[in-house]
Every structure is written in structure tokens, then in C-alpha cells.
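Below: one structure, written as C-alpha cells.
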Amino acid sequence: MNEWNIQSRAHACEACAQPFADKQPYHTLLLELAPELRRSDICETVLRQLVEQNDPRYAPAAYILAVMLERKRLLKVKEQLTRDGKRIFIYEQPKTGDIFAIADPELHLDQLEQVQHDVAQLLEHGLNPPAPANETPAPTAETTAVADGESVIAEK
């Protein structure tokens, strides 16, 4: 039988350092670093940051994050458009009224592993890249990001 020692919830977001408000939704990442699990709690600002960046390299990750939040009923599809031959989903966050336009990146199976890795890195670090590998120990095992019950697995 496995004995897991998982830390309690953090008081602030690891990505942006903002304190968590009472009953605020957040994502928890469990990183398997031999021989233990490391917990990282992150607020829901990552998708907003990706949309604001408007950087094409983050388009697939933004799409996957939006779908994850839609499945958790934190975002709702309000409209679907076609612009320049691409599907665009207009999402609304019901609690705040915020609107997000997310393009369908038309992912192919051979791209999924890289997108899973990108999503896991964004959920863990936000838009701040991790320190170079020679400054911090690299994970020796598989990294699993768990976002409110959604699992994204990326190999290191």
C-alpha cells in the first residue's frame, strides 16, 4: 500500500503570489518527484494571462485550459464563430461576466504530448518559466498535473 504525504492547501497562488480568498476556486498540481509528491496550488488566472498575451505559441494550451474550465462548468460557451476559416469559441465566466475568445488550434494527435507538457508547465509556473535545470533538481519521474479533477500528464 502507498503512503502519500500531501501538504495542505497553500494560502497563496504559487504562480502569481496572490492570497486565496475564502471559497475561491483554485487548481492543485501534484508533481511526482521521487520519492515524494509535491503539491502546488494555483489560482484561475492562467487562462486570462494567456488570452492577454495573444501569443500564438500559447494558443493550443489556452484552448485546452478553456475546455478544462468548461468541463468544470467554470466557463460557458456563449457562441461559436468562424473567422478566417478558423473556429472561435466565445466563452463567458458566469461569476464575473468575463468574456474569452479562444481559437480552435485544430490539434493533431502527434501534438498532444507537447500540449500536455505545456499545460502542465503553465499550471505549475504560470507564464514565468522555471529556473534552469542546473539550479533546481529536475523531476526524476513522470509529472502529473491535476486541475480540479482534470489530469494532464507530461513526461520529463
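Here, A, B, ... name the chains of the C-alpha cells in the order displayed, residue numbers run from 1 inside each chain, and ligands are numbered from 1 in the same displayed order.
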
Within 12 Å of A:Asn5, counting only C-alpha atoms, which residues qualify if same-chain residues fewer than 6 places away don't, as a PyMOL selection string? chain A and resi 30+32+35-39

Selection above as a file: N, CA and C atoms, as a short mmCIF file (atom, residue, chain, number, x, y, z; two decimals), in the first residue's frame:
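Wrote it out as again.cif, contents follow:
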```cif
data_model
loop_
_atom_site.label_atom_id
_atom_site.label_comp_id
_atom_site.auth_asym_id
_atom_site.auth_seq_id
_atom_site.Cartn_x
_atom_site.Cartn_y
_atom_site.Cartn_z
N LEU A 30 -0.23 18.00 -8.52
CA LEU A 30 0.55 17.03 -7.75
C LEU A 30 1.69 16.57 -8.64
N GLU A 32 4.97 14.32 -9.11
CA GLU A 32 5.63 13.15 -8.56
C GLU A 32 7.13 13.32 -8.73
N PRO A 35 11.34 10.64 -4.04
CA PRO A 35 10.38 9.62 -3.63
C PRO A 35 9.08 10.21 -3.09
N GLU A 36 8.75 11.47 -3.37
CA GLU A 36 7.58 12.08 -2.75
C GLU A 36 6.73 12.83 -3.76
N LEU A 37 5.56 13.28 -3.32
CA LEU A 37 4.69 14.12 -4.13
C LEU A 37 4.83 15.57 -3.66
N ARG A 38 4.84 16.50 -4.61
CA ARG A 38 4.91 17.92 -4.27
C ARG A 38 3.60 18.57 -4.70
N ARG A 39 2.97 19.32 -3.82
CA ARG A 39 1.71 19.98 -4.10
C ARG A 39 1.96 21.44 -4.47
#
```

Shell around A:Ala103 at 7 Å using only C-alpha atoms, local window under 5 positions removed, as a PDB file with N, CA and C atoms, in the first residue's frame:
```
ATOM      1  N   TYR A  63      -6.528  26.795 -25.428  1.00  0.00           N
ATOM      2  CA  TYR A  63      -7.701  26.022 -25.854  1.00  0.00           C
ATOM      3  C   TYR A  63      -7.971  24.879 -24.873  1.00  0.00           C
ATOM      4  N   LYS A  86     -11.182  29.641 -39.312  1.00  0.00           N
ATOM      5  CA  LYS A  86     -10.914  29.022 -38.005  1.00  0.00           C
ATOM      6  C   LYS A  86     -12.136  29.154 -37.112  1.00  0.00           C
ATOM      7  N   ARG A  87     -12.381  28.077 -36.323  1.00  0.00           N
ATOM      8  CA  ARG A  87     -13.462  28.140 -35.334  1.00  0.00           C
ATOM      9  C   ARG A  87     -12.986  28.937 -34.130  1.00  0.00           C
ATOM     10  N   ILE A  88     -13.832  29.848 -33.681  1.00  0.00           N
ATOM     11  CA  ILE A  88     -13.557  30.657 -32.492  1.00  0.00           C
ATOM     12  C   ILE A  88     -14.691  30.404 -31.506  1.00  0.00           C
ATOM     13  N   PHE A  89     -14.318  30.050 -30.276  1.00  0.00           N
ATOM     14  CA  PHE A  89     -15.300  29.848 -29.218  1.00  0.00           C
ATOM     15  C   PHE A  89     -15.309  31.093 -28.333  1.00  0.00           C
TER      16      PHE A  89
END
```

I'd like the contact shell of A:Ala12 - 8 Å cut-off, only C-alpha atoms, skipping same-chain residues fewer than 3 positions apart - returned as an MDAnalysis selection string. chainID A and resid 17:20 41:42

Determine the nearest neighbour of A:Tyr91 from the options A:Arg48, A:Asp118, A:Tyr58, A:Gln111, counting only C-alpha atoms. A:Arg48
